[in-house]
file entry.pdb (PDB, C-alpha atoms, pLDDT in the B column)
ATOM      1  CA  MET G 953      25.218  18.035 -30.821  1.00 60.00           C
ATOM      2  CA  SER G 954      28.088  20.539 -30.512  1.00 83.00           C
ATOM      3  CA  VAL G 955      25.875  23.312 -31.930  1.00 80.00           C
ATOM      4  CA  ILE G 956      23.101  22.526 -29.449  1.00 84.00           C
ATOM      5  CA  TYR G 957      25.586  22.456 -26.561  1.00 85.00           C
ATOM      6  CA  ILE G 958      27.213  25.762 -27.557  1.00 85.00           C
ATOM      7  CA  LEU G 959      23.881  27.559 -27.756  1.00 84.00           C
ATOM      8  CA  TRP G 960      22.757  25.961 -24.481  1.00 85.00           C
ATOM      9  CA  HIS G 961      26.022  27.048 -22.838  1.00 86.00           C
ATOM     10  CA  ARG G 962      25.536  30.591 -24.156  1.00 84.00           C
ATOM     11  CA  GLN G 963      22.137  30.826 -22.475  1.00 82.00           C
ATOM     12  CA  MET G 964      23.554  29.508 -19.210  1.00 84.00           C
ATOM     13  CA  LYS G 965      26.438  32.005 -19.189  1.00 83.00           C
ATOM     14  CA  ARG G 966      24.042  34.884 -19.787  1.00 80.00           C
ATOM     15  CA  TYR G 967      21.889  33.707 -16.909  1.00 79.00           C
ATOM     16  CA  ILE G 968      24.735  33.211 -14.435  1.00 79.00           C
ATOM     17  CA  ARG G 969      26.121  36.680 -15.162  1.00 76.00           C
ATOM     18  CA  SER G 970      22.745  38.329 -14.426  1.00 71.00           C
ATOM     19  CA  ARG G 971      22.325  38.094 -10.660  1.00 66.00           C
ATOM     20  CA  SER G 972      19.409  40.515 -10.650  1.00 67.00           C
ATOM     21  CA  ARG G 973      17.580  38.166 -13.004  1.00 66.00           C
ATOM     22  CA  ILE G 974      18.052  35.287 -10.569  1.00 67.00           C
ATOM     23  CA  ALA G 975      16.735  37.324  -7.641  1.00 68.00           C
ATOM     24  CA  GLY G 976      13.824  38.742  -9.600  1.00 67.00           C
ATOM     25  CA  ALA G 977      12.718  35.325 -10.828  1.00 68.00           C
ATOM     26  CA  ILE G 978      12.087  34.012  -7.321  1.00 73.00           C
ATOM     27  CA  GLY G 979      10.691  37.248  -5.862  1.00 74.00           C
ATOM     28  CA  GLN G 980       7.167  36.875  -7.249  1.00 76.00           C
ATOM     29  CA  PRO G 981       6.755  33.171  -6.336  1.00 79.00           C
ATOM     30  CA  LEU G 982       8.023  33.919  -2.833  1.00 79.00           C
ATOM     31  CA  LEU G 983       5.454  36.708  -2.507  1.00 78.00           C
ATOM     32  CA  PHE G 984       2.666  34.357  -3.589  1.00 76.00           C
ATOM     33  CA  LEU G 985       3.795  31.690  -1.142  1.00 79.00           C
ATOM     34  CA  MET G 986       3.929  34.048   1.813  1.00 76.00           C
ATOM     35  CA  ALA G 987       0.919  36.249   1.022  1.00 73.00           C
ATOM     36  CA  LEU G 988      -1.412  33.442  -0.016  1.00 75.00           C
ATOM     37  CA  GLY G 989       0.079  30.560   1.947  1.00 67.00           C
ATOM     38  CA  TYR G 990      -0.062  32.386   5.262  1.00 69.00           C
ATOM     39  CA  GLY G 991      -2.780  34.921   4.454  1.00 67.00           C
ATOM     40  CA  LEU G 992      -5.399  32.417   3.262  1.00 67.00           C
ATOM     41  CA  GLY G 993      -4.088  29.447   5.176  1.00 63.00           C
ATOM     42  CA  ALA G 994      -6.372  29.970   8.164  1.00 61.00           C
ATOM     43  CA  VAL G 995      -9.455  30.326   5.959  1.00 62.00           C
ATOM     44  CA  TYR G 996      -8.532  27.213   3.985  1.00 63.00           C
ATOM     45  CA  GLU G 997      -7.980  25.232   7.180  1.00 61.00           C
ATOM     46  CA  LYS G 998     -11.300  26.357   8.706  1.00 58.00           C
ATOM     47  CA  ALA G 999     -13.027  25.154   5.540  1.00 53.00           C
ATOM     48  CA  GLY G1000     -11.744  21.681   6.367  1.00 53.00           C
ATOM     49  CA  GLU G1001      -9.314  21.468   3.444  1.00 61.00           C
ATOM     50  CA  GLY G1002      -6.107  21.120   5.494  1.00 69.00           C
ATOM     51  CA  ASP G1003      -2.849  23.056   5.129  1.00 77.00           C
ATOM     52  CA  TYR G1004      -3.122  25.547   2.265  1.00 81.00           C
ATOM     53  CA  LEU G1005       0.647  25.976   1.969  1.00 83.00           C
ATOM     54  CA  GLN G1006       0.965  22.271   1.185  1.00 86.00           C
ATOM     55  CA  PHE G1007      -1.665  22.612  -1.521  1.00 86.00           C
ATOM     56  CA  LEU G1008      -0.216  25.862  -2.887  1.00 88.00           C
ATOM     57  CA  VAL G1009       3.455  24.966  -3.364  1.00 90.00           C
ATOM     58  CA  PRO G1010       3.041  22.719  -6.463  1.00 92.00           C
ATOM     59  CA  GLY G1011       0.943  25.432  -8.108  1.00 90.00           C
ATOM     60  CA  ILE G1012       3.551  28.118  -7.410  1.00 91.00           C
ATOM     61  CA  ILE G1013       6.312  25.892  -8.795  1.00 92.00           C
ATOM     62  CA  VAL G1014       4.283  25.547 -11.997  1.00 92.00           C
ATOM     63  CA  GLN G1015       3.737  29.317 -11.985  1.00 90.00           C
ATOM     64  CA  THR G1016       7.510  29.833 -11.843  1.00 90.00           C
ATOM     65  CA  LEU G1017       8.002  27.525 -14.813  1.00 92.00           C
ATOM     66  CA  LEU G1018       5.172  29.239 -16.710  1.00 90.00           C
ATOM     67  CA  PHE G1019       6.398  32.805 -16.301  1.00 87.00           C
ATOM     68  CA  SER G1020      10.105  32.124 -16.772  1.00 85.00           C
ATOM     69  CA  GLY G1021       9.554  29.624 -19.596  1.00 85.00           C
ATOM     70  CA  VAL G1022       7.219  31.636 -21.804  1.00 84.00           C
ATOM     71  CA  PHE G1023       8.942  34.965 -21.190  1.00 82.00           C
ATOM     72  CA  TRP G1024      12.260  33.354 -22.131  1.00 81.00           C
ATOM     73  CA  GLY G1025      11.164  33.857 -25.745  1.00 81.00           C
ATOM     74  CA  ILE G1026      12.177  37.489 -25.400  1.00 82.00           C
ATOM     75  CA  GLN G1027      15.785  36.303 -25.820  1.00 82.00           C
ATOM     76  CA  ILE G1028      14.925  35.444 -29.414  1.00 83.00           C
ATOM     77  CA  LEU G1029      13.647  38.979 -29.901  1.00 82.00           C
ATOM     78  CA  PHE G1030      16.911  40.371 -28.518  1.00 80.00           C
ATOM     79  CA  ASP G1031      18.861  38.206 -30.947  1.00 81.00           C
ATOM     80  CA  LYS G1032      16.612  39.436 -33.764  1.00 80.00           C
ATOM     81  CA  ARG G1033      17.044  43.067 -32.817  1.00 79.00           C
ATOM     82  CA  PHE G1034      20.848  42.965 -32.572  1.00 76.00           C
ATOM     83  CA  GLY G1035      21.409  40.765 -35.619  1.00 78.00           C
ATOM     84  CA  PHE G1036      22.802  37.708 -33.840  1.00 76.00           C
ATOM     85  CA  LEU G1037      19.861  35.522 -34.893  1.00 79.00           C
ATOM     86  CA  LYS G1038      20.360  36.435 -38.541  1.00 79.00           C
ATOM     87  CA  GLU G1039      23.995  35.344 -38.334  1.00 78.00           C
ATOM     88  CA  MET G1040      22.925  32.003 -36.868  1.00 79.00           C
ATOM     89  CA  LEU G1041      20.207  31.445 -39.469  1.00 79.00           C
ATOM     90  CA  VAL G1042      22.564  31.948 -42.443  1.00 78.00           C
ATOM     91  CA  ALA G1043      25.111  29.530 -40.960  1.00 77.00           C
ATOM     92  CA  PRO G1044      25.236  25.991 -42.450  1.00 79.00           C
ATOM     93  CA  VAL G1045      23.390  24.592 -39.434  1.00 80.00           C
ATOM     94  CA  SER G1046      19.926  23.137 -39.139  1.00 83.00           C
ATOM     95  CA  ARG G1047      17.402  25.651 -37.790  1.00 84.00           C
ATOM     96  CA  THR G1048      15.971  22.913 -35.602  1.00 86.00           C
ATOM     97  CA  ARG G1049      19.330  22.575 -33.851  1.00 87.00           C
ATOM     98  CA  ILE G1050      19.513  26.334 -33.337  1.00 85.00           C
ATOM     99  CA  LEU G1051      16.044  26.301 -31.811  1.00 87.00           C
ATOM    100  CA  LEU G1052      16.750  23.268 -29.631  1.00 87.00           C
ATOM    101  CA  GLY G1053      20.006  24.694 -28.294  1.00 86.00           C
ATOM    102  CA  ASN G1054      18.393  27.967 -27.309  1.00 85.00           C
ATOM    103  CA  ALA G1055      15.181  26.396 -26.004  1.00 87.00           C
ATOM    104  CA  LEU G1056      17.018  23.811 -23.908  1.00 88.00           C
ATOM    105  CA  GLY G1057      19.029  26.629 -22.361  1.00 88.00           C
ATOM    106  CA  GLY G1058      15.819  28.439 -21.501  1.00 87.00           C
ATOM    107  CA  ALA G1059      14.293  25.225 -20.154  1.00 89.00           C
ATOM    108  CA  THR G1060      17.324  24.628 -17.929  1.00 90.00           C
ATOM    109  CA  ILE G1061      17.079  28.162 -16.550  1.00 88.00           C
ATOM    110  CA  SER G1062      13.356  27.732 -15.856  1.00 89.00           C
ATOM    111  CA  LEU G1063      14.046  24.440 -14.101  1.00 90.00           C
ATOM    112  CA  ILE G1064      16.757  25.996 -11.931  1.00 89.00           C
ATOM    113  CA  GLN G1065      14.394  28.765 -10.860  1.00 89.00           C
ATOM    114  CA  ALA G1066      11.648  26.254 -10.062  1.00 90.00           C
ATOM    115  CA  LEU G1067      14.083  24.231  -7.953  1.00 89.00           C
ATOM    116  CA  LEU G1068      15.059  27.386  -6.060  1.00 88.00           C
ATOM    117  CA  VAL G1069      11.382  28.003  -5.250  1.00 89.00           C
ATOM    118  CA  PHE G1070      11.039  24.339  -4.317  1.00 89.00           C
ATOM    119  CA  GLY G1071      13.934  24.667  -1.859  1.00 88.00           C
ATOM    120  CA  ILE G1072      12.614  27.913  -0.361  1.00 87.00           C
ATOM    121  CA  SER G1073       9.225  26.305   0.223  1.00 88.00           C
ATOM    122  CA  PHE G1074      10.804  23.930   2.748  1.00 87.00           C
ATOM    123  CA  ALA G1075      11.943  26.891   4.833  1.00 85.00           C
ATOM    124  CA  LEU G1076       8.316  28.077   4.842  1.00 83.00           C
ATOM    125  CA  GLY G1077       7.018  24.758   6.136  1.00 82.00           C
ATOM    126  CA  PHE G1078       6.331  22.636   3.050  1.00 87.00           C
ATOM    127  CA  ARG G1079       6.764  18.877   3.471  1.00 88.00           C
ATOM    128  CA  ILE G1080       6.796  16.069   0.890  1.00 90.00           C
ATOM    129  CA  ASP G1081       4.461  13.132   1.380  1.00 85.00           C
ATOM    130  CA  ASN G1082       6.624  10.473  -0.304  1.00 87.00           C
ATOM    131  CA  TRP G1083      10.287  11.130  -1.146  1.00 89.00           C
ATOM    132  CA  ALA G1084      10.307   8.183  -3.557  1.00 90.00           C
ATOM    133  CA  MET G1085       8.127  10.260  -5.893  1.00 91.00           C
ATOM    134  CA  VAL G1086      10.534  13.224  -6.004  1.00 91.00           C
ATOM    135  CA  PRO G1087      12.245  11.994  -9.230  1.00 93.00           C
ATOM    136  CA  LEU G1088       8.816  11.954 -10.881  1.00 94.00           C
ATOM    137  CA  ALA G1089       8.228  15.512  -9.669  1.00 94.00           C
ATOM    138  CA  PHE G1090      11.539  16.599 -11.213  1.00 94.00           C
ATOM    139  CA  ALA G1091      10.600  14.842 -14.477  1.00 94.00           C
ATOM    140  CA  ILE G1092       7.274  16.705 -14.552  1.00 95.00           C
ATOM    141  CA  MET G1093       9.091  20.012 -14.018  1.00 94.00           C
ATOM    142  CA  LEU G1094      11.526  19.177 -16.827  1.00 94.00           C
ATOM    143  CA  VAL G1095       8.783  18.267 -19.301  1.00 94.00           C
ATOM    144  CA  LEU G1096       6.833  21.403 -18.413  1.00 94.00           C
ATOM    145  CA  SER G1097       9.910  23.639 -18.763  1.00 94.00           C
ATOM    146  CA  VAL G1098      10.616  22.254 -22.265  1.00 93.00           C
ATOM    147  CA  THR G1099       6.951  22.688 -23.195  1.00 94.00           C
ATOM    148  CA  LEU G1100       6.732  26.298 -22.054  1.00 92.00           C
ATOM    149  CA  THR G1101      10.069  27.472 -23.452  1.00 92.00           C
ATOM    150  CA  SER G1102       9.110  25.951 -26.799  1.00 91.00           C
ATOM    151  CA  PHE G1103       5.800  27.778 -26.652  1.00 91.00           C
ATOM    152  CA  GLY G1104       7.565  31.033 -25.790  1.00 89.00           C
ATOM    153  CA  ALA G1105      10.004  30.529 -28.661  1.00 88.00           C
ATOM    154  CA  ALA G1106       7.104  29.976 -31.075  1.00 88.00           C
ATOM    155  CA  ILE G1107       5.397  33.202 -29.990  1.00 89.00           C
ATOM    156  CA  ALA G1108       8.665  35.149 -30.247  1.00 86.00           C
ATOM    157  CA  SER G1109       9.199  33.783 -33.757  1.00 85.00           C
ATOM    158  CA  MET G1110       5.864  35.275 -34.839  1.00 85.00           C
ATOM    159  CA  VAL G1111       6.397  38.858 -33.646  1.00 82.00           C
ATOM    160  CA  ASP G1112       9.077  41.480 -34.241  1.00 78.00           C
ATOM    161  CA  ASP G1113       8.678  43.889 -31.325  1.00 78.00           C
ATOM    162  CA  PHE G1114       8.851  43.596 -27.562  1.00 76.00           C
ATOM    163  CA  GLN G1115       5.479  45.249 -26.958  1.00 78.00           C
ATOM    164  CA  GLY G1116       3.674  42.746 -29.172  1.00 78.00           C
ATOM    165  CA  PHE G1117       5.394  39.834 -27.469  1.00 79.00           C
ATOM    166  CA  GLN G1118       4.569  41.210 -24.019  1.00 79.00           C
ATOM    167  CA  GLY G1119       0.933  41.799 -24.946  1.00 81.00           C
ATOM    168  CA  ILE G1120       0.421  38.305 -26.350  1.00 80.00           C
ATOM    169  CA  ASN G1121       2.087  36.710 -23.337  1.00 79.00           C
ATOM    170  CA  ASN G1122      -0.002  38.645 -20.824  1.00 79.00           C
ATOM    171  CA  PHE G1123      -3.133  37.684 -22.755  1.00 84.00           C
ATOM    172  CA  LEU G1124      -2.198  33.989 -22.546  1.00 84.00           C
ATOM    173  CA  ILE G1125      -0.226  33.512 -19.339  1.00 86.00           C
ATOM    174  CA  PHE G1126      -2.568  34.917 -16.726  1.00 86.00           C
ATOM    175  CA  PRO G1127      -5.659  32.995 -17.903  1.00 87.00           C
ATOM    176  CA  LEU G1128      -3.579  29.813 -18.105  1.00 88.00           C
ATOM    177  CA  PHE G1129      -2.401  30.302 -14.531  1.00 88.00           C
ATOM    178  CA  PHE G1130      -5.550  31.544 -12.819  1.00 86.00           C
ATOM    179  CA  LEU G1131      -7.812  29.078 -14.660  1.00 87.00           C
ATOM    180  CA  SER G1132      -5.698  26.101 -13.645  1.00 87.00           C
ATOM    181  CA  SER G1133      -5.947  24.415 -10.257  1.00 84.00           C
ATOM    182  CA  ALA G1134      -2.805  26.158  -8.978  1.00 85.00           C
ATOM    183  CA  LEU G1135      -4.595  28.311  -6.389  1.00 83.00           C
ATOM    184  CA  TYR G1136      -7.777  26.365  -5.615  1.00 82.00           C
ATOM    185  CA  PRO G1137      -9.047  22.754  -5.611  1.00 81.00           C
ATOM    186  CA  LEU G1138     -11.459  21.734  -8.354  1.00 80.00           C
ATOM    187  CA  THR G1139     -13.747  19.711  -6.110  1.00 77.00           C
ATOM    188  CA  ASP G1140     -16.083  22.504  -4.981  1.00 75.00           C
ATOM    189  CA  VAL G1141     -15.765  25.145  -7.709  1.00 76.00           C
ATOM    190  CA  PRO G1142     -18.690  26.008 -10.060  1.00 81.00           C
ATOM    191  CA  ARG G1143     -19.277  23.637 -12.950  1.00 83.00           C
ATOM    192  CA  VAL G1144     -18.283  26.239 -15.551  1.00 86.00           C
ATOM    193  CA  LEU G1145     -14.911  26.739 -13.882  1.00 83.00           C
ATOM    194  CA  GLN G1146     -14.382  22.988 -13.716  1.00 84.00           C
ATOM    195  CA  ILE G1147     -14.966  22.693 -17.462  1.00 87.00           C
ATOM    196  CA  ILE G1148     -12.619  25.579 -18.285  1.00 87.00           C
ATOM    197  CA  SER G1149      -9.920  24.170 -16.001  1.00 87.00           C
ATOM    198  CA  SER G1150     -10.271  20.695 -17.491  1.00 89.00           C
ATOM    199  CA  VAL G1151      -9.386  21.993 -20.982  1.00 90.00           C
ATOM    200  CA  ASN G1152      -6.407  23.966 -19.671  1.00 92.00           C
ATOM    201  CA  PRO G1153      -3.220  21.899 -20.209  1.00 92.00           C
ATOM    202  CA  LEU G1154      -1.526  23.622 -17.274  1.00 93.00           C
ATOM    203  CA  THR G1155      -4.130  22.144 -14.915  1.00 93.00           C
ATOM    204  CA  TYR G1156      -2.783  18.663 -15.563  1.00 95.00           C
ATOM    205  CA  SER G1157       0.787  19.734 -14.852  1.00 94.00           C
ATOM    206  CA  VAL G1158      -0.278  21.166 -11.492  1.00 94.00           C
ATOM    207  CA  ASP G1159      -2.303  18.043 -10.741  1.00 94.00           C
ATOM    208  CA  GLY G1160       0.558  15.724 -11.684  1.00 94.00           C
ATOM    209  CA  LEU G1161       3.066  17.637  -9.573  1.00 94.00           C
ATOM    210  CA  ARG G1162       0.629  17.663  -6.667  1.00 93.00           C
ATOM    211  CA  TRP G1163       0.295  13.883  -6.935  1.00 94.00           C
ATOM    212  CA  ALA G1164       4.080  13.410  -6.990  1.00 94.00           C
ATOM    213  CA  LEU G1165       4.711  15.676  -3.980  1.00 92.00           C
ATOM    214  CA  LEU G1166       1.563  15.207  -1.893  1.00 90.00           C
ATOM    215  CA  GLY G1167      -0.118  12.049  -3.142  1.00 89.00           C
ATOM    216  CA  GLN G1168      -3.224  14.065  -4.151  1.00 88.00           C
ATOM    217  CA  SER G1169      -4.765  14.050  -7.620  1.00 87.00           C
ATOM    218  CA  HIS G1170      -8.036  15.178  -9.187  1.00 86.00           C
ATOM    219  CA  PHE G1171      -7.693  13.543 -12.618  1.00 89.00           C
ATOM    220  CA  GLY G1172      -5.248  10.711 -11.930  1.00 90.00           C
ATOM    221  CA  ILE G1173      -1.530  10.620 -12.661  1.00 92.00           C
ATOM    222  CA  GLY G1174      -1.989   8.590 -15.861  1.00 94.00           C
ATOM    223  CA  ILE G1175      -4.212  11.224 -17.462  1.00 94.00           C
ATOM    224  CA  ASP G1176      -1.928  14.004 -16.201  1.00 94.00           C
ATOM    225  CA  LEU G1177       1.170  12.484 -17.813  1.00 95.00           C
ATOM    226  CA  ALA G1178      -0.644  11.717 -21.075  1.00 96.00           C
ATOM    227  CA  VAL G1179      -1.890  15.298 -21.440  1.00 95.00           C
ATOM    228  CA  MET G1180       1.550  16.674 -20.582  1.00 95.00           C
ATOM    229  CA  ALA G1181       3.225  14.468 -23.190  1.00 95.00           C
ATOM    230  CA  VAL G1182       0.784  15.468 -25.939  1.00 96.00           C
ATOM    231  CA  THR G1183       1.113  19.152 -24.999  1.00 95.00           C
ATOM    232  CA  MET G1184       4.921  19.007 -25.094  1.00 95.00           C
ATOM    233  CA  VAL G1185       4.964  17.384 -28.538  1.00 95.00           C
ATOM    234  CA  ALA G1186       2.456  19.950 -29.833  1.00 95.00           C
ATOM    235  CA  CYS G1187       4.423  22.911 -28.449  1.00 93.00           C
ATOM    236  CA  VAL G1188       7.773  21.660 -29.776  1.00 93.00           C
ATOM    237  CA  ALA G1189       6.235  21.052 -33.224  1.00 93.00           C
ATOM    238  CA  PHE G1190       4.646  24.516 -33.106  1.00 92.00           C
ATOM    239  CA  ALA G1191       7.988  26.099 -32.196  1.00 91.00           C
ATOM    240  CA  VAL G1192       9.864  24.289 -34.988  1.00 90.00           C
ATOM    241  CA  ASN G1193       7.214  25.299 -37.521  1.00 90.00           C
ATOM    242  CA  ARG G1194       7.253  28.981 -36.575  1.00 88.00           C
ATOM    243  CA  PHE G1195      11.040  29.200 -36.185  1.00 86.00           C
ATOM    244  CA  ASN G1196      11.567  27.743 -39.646  1.00 84.00           C
ATOM    245  CA  ARG G1197       9.437  30.555 -41.058  1.00 82.00           C
ATOM    246  CA  ILE G1198      11.677  33.342 -39.768  1.00 77.00           C
ATOM    247  CA  GLN G1199      13.199  35.280 -42.645  1.00 71.00           C
ATOM    248  CA  ALA G1200      16.995  35.308 -42.497  1.00 58.00           C
TER
END
call {"tool": "encode", "arguments": {"input": "entry.pdb", "output": "structure tokens"}}
result
Amino acid sequence: MSVIYILWHRQMKRYIRSRSRIAGAIGQPLLFLMALGYGLGAVYEKAGEGDYLQFLVPGIIVQTLLFSGVFWGIQILFDKRFGFLKEMLVAPVSRTRILLGNALGGATISLIQALLVFGISFALGFRIDNWAMVPLAFAIMLVLSVTLTSFGAAIASMVDDFQGFQGINNFLIFPLFFLSSALYPLTDVPRVLQIISSVNPLTYSVDGLRWALLGQSHFGIGIDLAVMAVTMVACVAFAVNRFNRIQA
């Protein structure tokens, strides 16, 4: 456990020392909340769907976790480039522990950024339906942050250059986000879009968080949690498999 803690603590120290990284991480979600929440709010309300900002906030929180979690894998590339990863891999320590320590650090950072967005949303007018469900919302954020940082670590373990990592992430992240239910309800969308969204694991995270914060759900909280659990196990196993294949 000491190895995992040390590597987790290393990630946290790097994050705390980079104030520009903290500000940049919440800039994009804040832009989405203000531009979409206020810009499309009137249209959404006239359509009889209620307050769009209320609907949007869970999706933007998931977006924050998605972008910060997956892109965290670039830290592995930095460690590869400067030789620090090689020094860790030749140490008499399990590779799984090295991966877990780094990934848990990335997951903690992603969670902190999501909580910052969550707090800012209150200043913009967001309100929780049932405060008793807030612990469940935090648990969903935690599971999703572990899932996405593990996925990012797996991708980073497969490539050796920053451009390749960036290209793969852009190819995956934007479809995952825009084809989830983060920005629109699934009740009135075309059938094809409903099918695509229903096979997108991120959709269930958005739906589960929306149920915890607003009491609204399209699939049901049981299905949401089951899909999230399976996805997390699959991503962690994928990350362990790919990380163990890195040549020291």
call {"tool": "atom_distance", "arguments": {"input": "entry.pdb", "atom1": "CA of Met986 (chain G)", "atom2": "CA of Leu1018 (chain G)"}}
result
19.2 Å
call {"tool": "resolve_selection", "arguments": {"input": "entry.pdb", "expression": "the PyMOL selection byres ((chain G and resi 1096) around 8)", "output": "MDAnalysis selection string"}}
result
chainID G and resid 1017 1092:1095 1097:1100 1157 1180 1184
call {"tool": "closest_atom_pairs", "arguments": {"input": "entry.pdb", "of": "region 1162-1194 of chain G", "to": "region 1072-1091 of chain G", "cutoff": "7 Å", "atoms": "all atoms listed in the file", "output": "JSON lines"}}
result
{"residue": "G:Ala1164", "atom": "CA", "partner": "G:Met1085", "partner_atom": "CA", "distance": 5.2}
{"residue": "G:Leu1165", "atom": "CA", "partner": "G:Ile1080", "partner_atom": "CA", "distance": 5.3}
{"residue": "G:Leu1166", "atom": "CA", "partner": "G:Asp1081", "partner_atom": "CA", "distance": 4.8}
{"residue": "G:Gly1167", "atom": "CA", "partner": "G:Asp1081", "partner_atom": "CA", "distance": 6.5}
call {"tool": "closest_residue", "arguments": {"input": "entry.pdb", "among": "G:Pro1153, G:Gly1160, G:Pro1137, G:Gly1104", "to": "Asp1176 (chain G)", "atoms": "all atoms listed in the file"}}
result
G:Gly1160
call {"tool": "resolve_selection", "arguments": {"input": "entry.pdb", "expression": "the PyMOL selection byres ((chain G and resi 1006) around 12)", "output": "number ranges by chain"}}
result
G: 985, 988-990, 993, 996-997, 1001-1005, 1007-1013, 1070, 1073-1074, 1076-1081, 1134-1136, 1161-1163, 1165-1168
call {"tool": "atom_distance", "arguments": {"input": "entry.pdb", "atom1": "CA of Gln1118 (chain G)", "atom2": "CA of Val1182 (chain G)"}}
result
26.1 Å
call {"tool": "closest_residue", "arguments": {"input": "entry.pdb", "among": "G:Arg1033, G:Arg1049, G:His1170, G:Lys1038", "to": "Ser954 (chain G)", "atoms": "only C-alpha atoms"}}
result
G:Arg1049
call {"tool": "closest_residue", "arguments": {"input": "entry.pdb", "among": "G:Thr1060, G:Thr1139, G:Ser1109, G:Ser1169", "to": "Arg1194 (chain G)", "atoms": "only C-alpha atoms"}}
result
G:Ser1109
call {"tool": "atom_distance", "arguments": {"input": "entry.pdb", "atom1": "CA of Gln1199 (chain G)", "atom2": "CA of Phe1103 (chain G)"}}
result
19.2 Å
call {"tool": "closest_residue", "arguments": {"input": "entry.pdb", "among": "G:Gly1025, G:Pro981, G:Gly1058, G:Pro1044", "to": "Met1110 (chain G)", "atoms": "all atoms listed in the file"}}
result
G:Gly1025
call {"tool": "closest_residue", "arguments": {"input": "entry.pdb", "among": "G:Leu1128, G:Ile1198, G:Ile1028, G:Ile1064", "to": "Ile968 (chain G)", "atoms": "all atoms listed in the file"}}
result
G:Ile1064
call {"tool": "closest_residue", "arguments": {"input": "entry.pdb", "among": "G:Gly1172, G:Pro1127, G:Gly1116, G:Gly1021", "to": "Gly1057 (chain G)", "atoms": "all atoms listed in the file"}}
result
G:Gly1021
call {"tool": "axis_aligned_box", "arguments": {"input": "entry.pdb", "around": "region 1054-1069 of chain G", "padding_each_side": "4 Å", "output": "JSON"}}
result
{"center_x": 15.2, "center_y": 26.3, "center_z": -16.3, "size_x": 15.6, "size_y": 13.0, "size_z": 30.1}
